[in-house]
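Shown next: work-v6.cif, containing mmCIF, C-alpha atoms.
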data_run
#
loop_
_atom_site.label_atom_id
_atom_site.label_comp_id
_atom_site.auth_asym_id
_atom_site.auth_seq_id
_atom_site.Cartn_x
_atom_site.Cartn_y
_atom_site.Cartn_z
CA PRO A 621 -135.62 159.43 -44.24
CA THR A 622 -139.06 158.06 -43.39
CA ALA A 623 -141.91 160.57 -43.36
CA THR A 624 -144.29 160.63 -40.39
CA GLU A 625 -147.06 160.11 -42.97
CA SER A 626 -146.11 159.04 -46.49
CA ASN A 627 -149.52 158.37 -48.07
CA GLY A 628 -150.14 161.10 -50.64
CA LEU A 629 -146.83 162.88 -50.00
CA ARG A 630 -146.00 164.55 -53.33
CA LEU A 631 -142.94 166.57 -52.32
CA TRP A 632 -140.81 167.01 -49.22
CA TYR A 633 -137.95 169.44 -48.77
CA ARG A 634 -135.77 169.51 -45.64
CA ALA A 635 -132.87 171.88 -45.08
CA ASP A 636 -130.83 169.21 -43.29
CA LEU A 637 -131.10 166.69 -46.13
CA GLY A 638 -130.95 166.84 -49.90
CA VAL A 639 -129.31 170.27 -50.13
CA THR A 640 -126.61 170.82 -52.76
CA LYS A 641 -124.58 173.94 -52.01
CA ASP A 642 -121.29 175.57 -52.94
CA GLY A 643 -118.40 176.68 -50.73
CA SER A 644 -120.27 179.88 -49.87
CA ASP A 645 -123.36 177.90 -48.78
CA LYS A 646 -125.35 179.09 -51.78
CA VAL A 647 -127.94 176.44 -52.62
CA GLY A 648 -128.10 175.14 -56.16
CA GLN A 649 -130.54 172.29 -55.58
CA TRP A 650 -133.06 171.21 -52.96
CA SER A 651 -133.85 167.55 -53.54
CA ASP A 652 -137.31 166.12 -53.02
CA LEU A 653 -137.31 163.44 -50.30
CA SER A 654 -140.79 162.11 -51.14
CA GLY A 655 -139.46 159.71 -53.76
CA ASN A 656 -141.22 161.57 -56.59
CA ALA A 657 -138.08 163.40 -57.79
CA ASN A 658 -139.79 166.81 -57.63
CA HIS A 659 -136.46 168.57 -57.18
CA ILE A 660 -136.03 172.35 -57.33
CA GLY A 661 -132.91 174.37 -58.04
CA GLN A 662 -131.30 177.61 -59.09
CA ALA A 663 -128.42 178.11 -61.54
CA THR A 664 -127.96 181.88 -61.11
CA VAL A 665 -125.65 182.56 -58.17
CA ALA A 666 -127.25 185.90 -57.29
CA GLN A 667 -130.66 184.24 -57.00
CA LYS A 668 -129.60 181.28 -54.84
CA PRO A 669 -130.81 181.12 -51.21
CA THR A 670 -128.22 180.65 -48.48
CA TRP A 671 -127.95 177.53 -46.32
CA VAL A 672 -127.56 178.47 -42.64
CA SER A 673 -126.43 175.82 -40.16
CA SER A 674 -127.80 175.46 -36.62
CA ALA A 675 -130.40 178.19 -37.13
CA LEU A 676 -133.48 176.62 -35.48
CA ASN A 677 -133.03 174.33 -32.50
CA GLY A 678 -129.64 173.38 -33.92
CA LYS A 679 -131.14 172.55 -37.33
CA PRO A 680 -130.26 174.26 -40.62
CA VAL A 681 -132.53 176.45 -42.75
CA LEU A 682 -132.52 178.11 -46.14
CA GLN A 683 -132.41 181.90 -45.96
CA PHE A 684 -134.50 183.79 -48.52
CA ALA A 685 -134.31 187.52 -49.24
CA GLY A 686 -134.27 189.89 -52.18
CA GLY A 687 -136.04 187.61 -54.60
CA VAL A 688 -133.82 184.53 -54.31
CA ASN A 689 -135.71 181.36 -55.16
CA LEU A 690 -135.57 177.70 -56.12
CA ALA A 691 -137.71 176.38 -58.98
CA SER A 692 -138.34 173.15 -60.83
CA SER A 693 -136.62 172.81 -64.20
CA SER A 694 -139.74 171.28 -65.75
CA PRO A 695 -143.48 171.17 -64.91
CA LEU A 696 -144.43 169.07 -61.88
CA ASP A 697 -147.61 167.06 -61.35
CA VAL A 698 -148.04 167.96 -57.70
CA HIS A 699 -151.81 167.35 -57.49
CA ALA A 700 -151.87 164.04 -59.42
CA GLY A 701 -155.48 164.90 -60.28
CA SER A 702 -156.65 165.52 -56.72
CA SER A 703 -158.52 168.65 -55.63
CA ASP A 704 -157.77 167.94 -51.96
CA GLN A 705 -154.47 169.05 -50.48
CA THR A 706 -152.38 169.59 -47.37
CA VAL A 707 -149.46 172.03 -47.39
CA ILE A 708 -147.11 172.30 -44.41
CA ALA A 709 -144.23 174.80 -44.12
CA VAL A 710 -141.75 175.33 -41.31
CA ILE A 711 -140.73 178.99 -41.43
CA ALA A 712 -139.24 181.88 -39.49
CA PRO A 713 -140.42 184.96 -41.41
CA ALA A 714 -138.70 188.34 -41.51
CA ALA A 715 -140.50 191.40 -40.15
CA THR A 716 -140.78 193.06 -43.55
CA GLN A 717 -142.38 191.35 -46.54
CA ALA A 718 -143.38 192.31 -50.06
CA SER A 719 -147.10 192.36 -50.78
CA TRP A 720 -148.22 188.85 -51.69
CA SER A 721 -145.00 187.41 -50.24
CA THR A 722 -144.90 183.82 -51.53
CA ILE A 723 -143.53 180.74 -49.81
CA VAL A 724 -144.56 178.16 -52.45
CA ASP A 725 -146.13 178.74 -55.86
CA LEU A 726 -147.32 176.27 -58.51
CA SER A 727 -147.46 178.78 -61.37
CA SER A 728 -150.48 180.57 -59.89
CA GLY A 729 -150.11 183.43 -62.37
CA PRO A 730 -149.45 181.66 -65.67
CA GLY A 731 -151.05 178.31 -64.81
CA GLN A 732 -153.71 178.98 -62.13
CA GLY A 733 -152.05 176.56 -59.73
CA PHE A 734 -152.02 176.97 -55.96
CA ALA A 735 -149.89 179.39 -53.93
CA LEU A 736 -149.01 179.59 -50.24
CA GLN A 737 -148.91 183.33 -50.16
CA GLN A 738 -149.30 186.34 -47.88
CA ASP A 739 -152.71 188.01 -47.95
CA ASN A 740 -151.66 191.07 -49.98
CA ALA A 741 -150.16 193.60 -47.55
CA LEU A 742 -151.21 191.81 -44.33
CA THR A 743 -147.64 191.10 -43.29
CA ASN A 744 -146.90 187.44 -42.52
CA ARG A 745 -150.52 186.30 -42.70
CA TYR A 746 -150.29 183.36 -45.09
CA LYS A 747 -153.12 181.71 -46.97
CA LEU A 748 -153.29 178.85 -49.42
CA TRP A 749 -154.89 180.13 -52.62
CA TRP A 750 -156.66 178.13 -55.34
CA MET A 751 -158.51 178.77 -58.57
CA GLY A 752 -161.75 176.82 -58.82
CA ASN A 753 -162.59 174.58 -61.78
CA PRO A 754 -164.37 176.04 -63.65
CA ALA A 755 -162.47 179.22 -62.95
CA GLY A 756 -164.40 181.71 -60.86
CA GLY A 757 -161.82 183.86 -59.14
CA TRP A 758 -159.23 183.11 -56.47
CA LYS A 759 -160.36 181.55 -53.21
CA ALA A 760 -158.21 181.05 -50.12
CA SER A 761 -157.93 179.33 -46.77
CA PRO A 762 -158.74 181.46 -43.68
CA GLY A 763 -155.17 182.56 -43.04
CA ALA A 764 -152.28 181.54 -40.79
CA PRO A 765 -150.91 184.56 -38.91
CA THR A 766 -147.19 184.24 -38.20
CA THR A 767 -144.86 186.55 -36.31
CA ALA A 768 -141.30 187.67 -36.96
CA GLY A 769 -138.71 187.46 -34.22
CA ILE A 770 -140.18 184.59 -32.21
CA GLY A 771 -138.45 181.73 -34.02
CA VAL A 772 -139.90 178.94 -36.07
CA GLN A 773 -143.58 178.47 -36.82
CA VAL A 774 -145.24 175.45 -38.40
CA ILE A 775 -148.08 176.51 -40.68
CA THR A 776 -150.53 173.98 -42.10
CA SER A 777 -153.29 174.43 -44.66
CA VAL A 778 -155.74 171.58 -45.30
CA LYS A 779 -158.28 171.49 -48.13
CA ASN A 780 -160.90 168.79 -47.69
CA GLY A 781 -163.62 168.98 -50.31
CA ALA A 782 -165.26 172.39 -50.01
CA THR A 783 -163.67 173.16 -46.64
CA ALA A 784 -160.27 174.74 -45.95
CA SER A 785 -158.61 175.07 -42.54
CA ASP A 786 -155.39 176.66 -41.31
CA PHE A 787 -153.21 175.92 -38.28
CA VAL A 788 -150.16 177.52 -36.66
CA ASN A 789 -148.06 175.23 -34.46
CA GLY A 790 -151.07 172.93 -34.33
CA ALA A 791 -153.53 175.60 -33.16
CA ALA A 792 -156.61 176.07 -35.36
CA GLN A 793 -156.90 179.45 -37.08
CA GLY A 794 -160.29 179.03 -38.69
CA THR A 795 -162.24 177.26 -41.43
CA THR A 796 -163.81 178.58 -44.61
CA THR A 797 -165.67 177.39 -47.69
CA VAL A 798 -163.73 176.98 -50.94
CA PRO A 799 -164.45 175.38 -54.34
CA ALA A 800 -164.61 171.59 -54.01
CA THR A 801 -162.94 171.21 -57.41
CA ILE A 802 -159.87 173.31 -58.25
CA GLN A 803 -157.40 173.71 -61.08
CA THR A 804 -154.74 170.99 -60.87
CA PRO A 805 -152.15 171.96 -63.49
CA THR A 806 -148.87 170.24 -64.17
CA ALA A 807 -146.70 173.32 -63.87
CA ILE A 808 -143.46 174.90 -62.69
CA LEU A 809 -143.14 175.02 -58.90
CA GLU A 810 -141.14 177.69 -57.09
CA VAL A 811 -140.14 178.17 -53.44
CA GLY A 812 -139.34 181.66 -52.12
CA ASN A 813 -141.17 183.66 -54.78
CA ALA A 814 -144.01 183.43 -57.26
CA VAL A 815 -143.26 181.98 -60.68
CA GLY A 816 -142.44 185.05 -62.76
CA GLY A 817 -141.15 186.98 -59.74
CA GLY A 818 -142.34 190.06 -57.92
CA TYR A 819 -143.65 188.45 -54.72
CA ALA A 820 -140.52 187.44 -52.83
CA TYR A 821 -140.61 185.83 -49.40
CA ALA A 822 -138.11 187.10 -46.81
CA GLY A 823 -137.04 184.82 -43.99
CA GLN A 824 -136.05 181.24 -43.29
CA ILE A 825 -137.58 177.99 -44.51
CA ALA A 826 -136.62 174.73 -42.83
CA GLU A 827 -139.07 172.29 -44.32
CA VAL A 828 -141.94 172.01 -46.83
CA LEU A 829 -144.34 169.07 -47.24
CA ILE A 830 -147.16 168.88 -49.77
CA TYR A 831 -149.78 166.11 -49.89
CA ASN A 832 -152.39 165.59 -52.60
CA ARG A 833 -155.03 164.71 -50.03
CA ALA A 834 -156.52 166.11 -46.85
CA LEU A 835 -154.68 164.69 -43.88
CA THR A 836 -156.86 163.41 -41.05
CA THR A 837 -156.75 165.30 -37.78
CA THR A 838 -154.60 162.58 -36.21
CA GLU A 839 -152.20 162.51 -39.16
CA ARG A 840 -151.85 166.28 -39.15
CA GLN A 841 -151.28 166.43 -35.41
CA ASN A 842 -148.66 163.67 -35.58
CA ILE A 843 -146.72 165.54 -38.28
CA GLU A 844 -146.98 168.87 -36.47
CA ALA A 845 -145.78 167.26 -33.23
CA ALA A 846 -142.78 165.76 -35.04
CA LEU A 847 -141.91 169.10 -36.62
CA LEU A 848 -142.30 171.02 -33.36
CA SER A 849 -140.04 168.48 -31.67
CA ARG A 850 -137.44 168.84 -34.40
CA TYR A 851 -137.40 172.62 -34.66
CA VAL A 852 -138.90 174.10 -31.51
CA ASN A 853 -138.88 171.94 -28.40
CA PRO A 854 -136.69 168.82 -28.23
CA ASP A 855 -138.58 167.70 -25.10
CA LEU A 856 -141.89 167.22 -26.93
#

Would it be possible to restate this file's structure as structure tokens?
Amino acid sequence: PTATESNGLRLWYRADLGVTKDGSDKVGQWSDLSGNANHIGQATVAQKPTWVSSALNGKPVLQFAGGVNLASSSPLDVHAGSSDQTVIAVIAPAATQASWSTIVDLSSGPGQGFALQQDNALTNRYKLWWMGNPAGGWKASPGAPTTAGIGVQVITSVKNGATASDFVNGAAQGTTTVPATIQTPTAILEVGNAVGGGYAYAGQIAEVLIYNRALTTTERQNIEAALLSRYVNPDL
């Protein structure tokens, strides 16, 4: 498929494409559609997410619960040296989450990479977290509040220099100051939990896109409009 914006796209997962699953719809691999071969997978049956057809506007999703996850088999160079970033996730979260529920994690614990993660026990309020370089404690985007039971939500976090902004379905959620330079490790990436476990996400994920640059406002809006059309409102 052709991405709405391909410049700087480091990984792209879609539940309707690139999914390898067994006869019980347990997902063993989620292939990266960006062209960078940043695939993620799971060999243990009990830890595989479930592929669900026609879940959101007739489109499939991956269902996560109980610590299931998909992870890269080797370290990934997601940042490619850049301290700027845009992370977009299309999710329908469950009502109950673990503290620090994690959608995407680039070895934030062992490698000080980024994490799209719930703000501790503030259920379904997701922030993009980074460690500055030099390290000076974790800093995060303002927070994207999502809600269970209302269907899909498109959450976007943009880091542009020392400024971070969050959006839900295209609506701005705030801006904050973050370190201009962050840790950019080549590290294991995991979807649905933190690397090392303990911070499982519960709910559905339809799509994840990660860019190693700050998208412009027009680029971001174009992508969000395409995702909302695909998963929420076919008349957009």

Self-check item: Protein/DNA/RNA residues near (-140.3, 183.5, -52.8), cut 10 Å, all atoms listed in the file, as a ChimeraX atom specification
Solution: /A:669,684-691,718,720-725,736-737,810-815,817-823

Give one line per residue of region 739-798 of chain A that approaches region 827-836 of chain A to at most 12 Å, naming the two atoms of the closest pair and their distance in Å to one decimal, counting all atoms listed in the file; sort by chain then ascending residue number and deliver it as JSON lines.
{"residue": "A:Leu748", "atom": "CA", "partner": "A:Ile830", "partner_atom": "CA", "distance": 11.7}
{"residue": "A:Val772", "atom": "CA", "partner": "A:Glu827", "partner_atom": "CA", "distance": 10.6}
{"residue": "A:Gln773", "atom": "CA", "partner": "A:Glu827", "partner_atom": "CA", "distance": 10.7}
{"residue": "A:Val774", "atom": "CA", "partner": "A:Glu827", "partner_atom": "CA", "distance": 9.1}
{"residue": "A:Ile775", "atom": "CA", "partner": "A:Val828", "partner_atom": "CA", "distance": 9.8}
{"residue": "A:Thr776", "atom": "CA", "partner": "A:Leu829", "partner_atom": "CA", "distance": 9.4}
{"residue": "A:Ser777", "atom": "CA", "partner": "A:Ala834", "partner_atom": "CA", "distance": 9.2}
{"residue": "A:Val778", "atom": "CA", "partner": "A:Ala834", "partner_atom": "CA", "distance": 5.7}
{"residue": "A:Lys779", "atom": "CA", "partner": "A:Ala834", "partner_atom": "CA", "distance": 5.8}
{"residue": "A:Asn780", "atom": "CA", "partner": "A:Ala834", "partner_atom": "CA", "distance": 5.2}
{"residue": "A:Gly781", "atom": "CA", "partner": "A:Ala834", "partner_atom": "CA", "distance": 8.4}
{"residue": "A:Ala782", "atom": "CA", "partner": "A:Ala834", "partner_atom": "CA", "distance": 11.2}
{"residue": "A:Thr783", "atom": "CA", "partner": "A:Ala834", "partner_atom": "CA", "distance": 10.0}
{"residue": "A:Ala784", "atom": "CA", "partner": "A:Ala834", "partner_atom": "CA", "distance": 9.5}
{"residue": "A:Ser785", "atom": "CA", "partner": "A:Ala834", "partner_atom": "CA", "distance": 10.2}
{"residue": "A:Asp786", "atom": "CA", "partner": "A:Ala834", "partner_atom": "CA", "distance": 12.0}

Pull the closest atom pair for each residue of region 667-702 of chain A that gets at most 12 Å from region 632-647 of chain A, along with the distance in Å to one decimal, counting only C-alpha atoms, ordering rows by chain and then ascending residue number, as a tab-separated table.
residue	atom	partner	partner_atom	distance
A:Gln667	CA	A:Lys646	CA	9.1
A:Lys668	CA	A:Val647	CA	5.6
A:Pro669	CA	A:Val647	CA	5.7
A:Thr670	CA	A:Lys646	CA	4.6
A:Trp671	CA	A:Asp645	CA	5.2
A:Val672	CA	A:Asp645	CA	7.5
A:Ser673	CA	A:Asp636	CA	8.5
A:Ser674	CA	A:Asp636	CA	9.6
A:Ala675	CA	A:Ala635	CA	10.4
A:Leu676	CA	A:Ala635	CA	10.7
A:Gly678	CA	A:Asp636	CA	10.3
A:Lys679	CA	A:Asp636	CA	6.8
A:Pro680	CA	A:Ala635	CA	5.7
A:Val681	CA	A:Ala635	CA	5.1
A:Leu682	CA	A:Ala635	CA	6.3
A:Gln683	CA	A:Lys646	CA	9.6
A:Phe684	CA	A:Val647	CA	10.7
A:Val688	CA	A:Val647	CA	10.1
A:Asn689	CA	A:Val647	CA	9.5
A:Leu690	CA	A:Val647	CA	8.5
A:Ala691	CA	A:Val647	CA	11.7
A:Val698	CA	A:Trp632	CA	11.2

Only C-alpha atoms, please: the residues just picked out, written as a short mmCIF file (atom, residue, chain, number, x, y, z; two decimals), in the coordinates of the input.
data_model
loop_
_atom_site.label_atom_id
_atom_site.label_comp_id
_atom_site.auth_asym_id
_atom_site.auth_seq_id
_atom_site.Cartn_x
_atom_site.Cartn_y
_atom_site.Cartn_z
CA GLN A 667 -130.66 184.24 -57.00
CA LYS A 668 -129.60 181.28 -54.84
CA PRO A 669 -130.81 181.12 -51.21
CA THR A 670 -128.22 180.65 -48.48
CA TRP A 671 -127.95 177.53 -46.32
CA VAL A 672 -127.56 178.47 -42.64
CA SER A 673 -126.43 175.82 -40.16
CA SER A 674 -127.80 175.46 -36.62
CA ALA A 675 -130.40 178.19 -37.13
CA LEU A 676 -133.48 176.62 -35.48
CA GLY A 678 -129.64 173.38 -33.92
CA LYS A 679 -131.14 172.55 -37.33
CA PRO A 680 -130.26 174.26 -40.62
CA VAL A 681 -132.53 176.45 -42.75
CA LEU A 682 -132.52 178.11 -46.14
CA GLN A 683 -132.41 181.90 -45.96
CA PHE A 684 -134.50 183.79 -48.52
CA VAL A 688 -133.82 184.53 -54.31
CA ASN A 689 -135.71 181.36 -55.16
CA LEU A 690 -135.57 177.70 -56.12
CA ALA A 691 -137.71 176.38 -58.98
CA VAL A 698 -148.04 167.96 -57.70
#

Quiz item: What gap, in Å, lies between CA of Thr795 (chain A) and CA of Pro762 (chain A)?
Solution: 5.9 Å

Quiz item: What does the distance between CA of Gln793 (chain A) and CA of Ser727 (chain A) come to in Å, to one decimal place?
Solution: 26.1 Å

Exercise. Report the distance between CA of Ala712 (chain A) and CA of Ile843 (chain A) in Å, rounded to one decimal place.
Key: 18.0 Å

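What the PyMOL selection byres ((chain A and resi 660) around 8) picks from this file is Gln649, Trp650, Ser651, Asp652, Asn658, His659, Gly661, Gln662, Leu690, Ala691, Ser692, Ser693, Leu809 and Glu810 of chain A.
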
Practice problem: Quick one: everything within 12 Å of Gly771 (chain A), counting all atoms listed in the file, minus sequence neighbours fewer than 2 positions away in the same chain. Send it as a PyMOL selection string. | Solution: chain A and resi 675-677+681+710-715+766-769+773-774+789+823-826+848+851-853

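Proximity of A:Leu726, A:Ala764, A:Ala755, A:Val665 to Ala800 (chain A), computed with only C-alpha atoms, is greatest for A:Ala755.
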
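Proximity ranking of A:Ser761, A:Thr797, A:Thr622, A:Gln803 relative to Thr706 (chain A) places A:Ser761 first, based on all atoms listed in the file.
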
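Evaluated against the shown file, the PyMOL selection byres ((chain A and resi 696) around 6) gives Pro695, Asp697, Val698, Thr806, Ala807 and Ile808 of chain A.
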
I need the chosen residues saved as an mmCIF file, in the coordinates of the input, with C-alpha atoms.
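Done, and the output landed in out.cif:
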data_model
loop_
_atom_site.group_PDB
_atom_site.id
_atom_site.type_symbol
_atom_site.label_atom_id
_atom_site.label_comp_id
_atom_site.auth_asym_id
_atom_site.auth_seq_id
_atom_site.Cartn_x
_atom_site.Cartn_y
_atom_site.Cartn_z
ATOM 1 C CA PRO A 695 -143.480 171.170 -64.910
ATOM 2 C CA ASP A 697 -147.610 167.060 -61.350
ATOM 3 C CA VAL A 698 -148.040 167.960 -57.700
ATOM 4 C CA THR A 806 -148.870 170.240 -64.170
ATOM 5 C CA ALA A 807 -146.700 173.320 -63.870
ATOM 6 C CA ILE A 808 -143.460 174.900 -62.690
#

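If only C-alpha atoms are the atoms counted, then among A:Val798, A:Thr743, A:Ser719, A:Phe787 the closest residue to Lys759 (chain A) is A:Val798.
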
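Among the candidates A:Ala666, A:Asn842, A:Ala735, A:Ala657, the residue lying nearest to Ser694 (chain A) is A:Ala657 (atoms considered: all atoms listed in the file).
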
To box region 719-734 of chain A, take all atoms listed in the file, fit an axis-aligned box, add 3 Å on each side, and give centre and edge lengths in Å to one decimal, as JSON.
{"center_x": -148.6, "center_y": 184.3, "center_z": -57.7, "size_x": 16.2, "size_y": 22.1, "size_z": 21.9}

Can you give me N, CA and C atoms for region 723-735 of chain A, written as a PDB file, in the coordinates of the input?
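Contents of out-v7.pdb, freshly written:
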ATOM      1  N   ILE A 723    -144.383 181.822 -50.290  1.00  0.00           N
ATOM      2  CA  ILE A 723    -143.530 180.740 -49.810  1.00  0.00           C
ATOM      3  C   ILE A 723    -143.406 179.642 -50.868  1.00  0.00           C
ATOM      4  N   VAL A 724    -144.541 179.197 -51.407  1.00  0.00           N
ATOM      5  CA  VAL A 724    -144.560 178.160 -52.450  1.00  0.00           C
ATOM      6  C   VAL A 724    -145.584 178.566 -53.502  1.00  0.00           C
ATOM      7  N   ASP A 725    -145.229 178.368 -54.765  1.00  0.00           N
ATOM      8  CA  ASP A 725    -146.130 178.740 -55.860  1.00  0.00           C
ATOM      9  C   ASP A 725    -146.066 177.697 -56.967  1.00  0.00           C
ATOM     10  N   LEU A 726    -147.229 177.172 -57.360  1.00  0.00           N
ATOM     11  CA  LEU A 726    -147.320 176.270 -58.510  1.00  0.00           C
ATOM     12  C   LEU A 726    -147.881 177.060 -59.690  1.00  0.00           C
ATOM     13  N   SER A 727    -147.089 177.994 -60.186  1.00  0.00           N
ATOM     14  CA  SER A 727    -147.460 178.780 -61.370  1.00  0.00           C
ATOM     15  C   SER A 727    -148.855 179.368 -61.251  1.00  0.00           C
ATOM     16  N   SER A 728    -149.141 180.023 -60.095  1.00  0.00           N
ATOM     17  CA  SER A 728    -150.480 180.570 -59.890  1.00  0.00           C
ATOM     18  C   SER A 728    -150.840 181.626 -60.928  1.00  0.00           C
ATOM     19  N   GLY A 729    -149.852 182.421 -61.343  1.00  0.00           N
ATOM     20  CA  GLY A 729    -150.110 183.430 -62.370  1.00  0.00           C
ATOM     21  C   GLY A 729    -150.331 182.824 -63.736  1.00  0.00           C
ATOM     22  N   PRO A 730    -149.294 182.185 -64.314  1.00  0.00           N
ATOM     23  CA  PRO A 730    -149.450 181.660 -65.670  1.00  0.00           C
ATOM     24  C   PRO A 730    -150.288 180.396 -65.773  1.00  0.00           C
ATOM     25  N   GLY A 731    -150.384 179.604 -64.683  1.00  0.00           N
ATOM     26  CA  GLY A 731    -151.050 178.310 -64.810  1.00  0.00           C
ATOM     27  C   GLY A 731    -152.226 178.077 -63.902  1.00  0.00           C
ATOM     28  N   GLN A 732    -152.588 179.073 -63.059  1.00  0.00           N
ATOM     29  CA  GLN A 732    -153.710 178.980 -62.130  1.00  0.00           C
ATOM     30  C   GLN A 732    -153.555 177.825 -61.145  1.00  0.00           C
ATOM     31  N   GLY A 733    -152.293 177.528 -60.783  1.00  0.00           N
ATOM     32  CA  GLY A 733    -152.050 176.560 -59.730  1.00  0.00           C
ATOM     33  C   GLY A 733    -152.154 177.213 -58.364  1.00  0.00           C
ATOM     34  N   PHE A 734    -151.872 176.452 -57.313  1.00  0.00           N
ATOM     35  CA  PHE A 734    -152.020 176.970 -55.960  1.00  0.00           C
ATOM     36  C   PHE A 734    -150.822 177.822 -55.552  1.00  0.00           C
ATOM     37  N   ALA A 735    -150.993 178.618 -54.496  1.00  0.00           N
ATOM     38  CA  ALA A 735    -149.890 179.390 -53.930  1.00  0.00           C
ATOM     39  C   ALA A 735    -150.091 179.517 -52.432  1.00  0.00           C
TER      40      ALA A 735
END
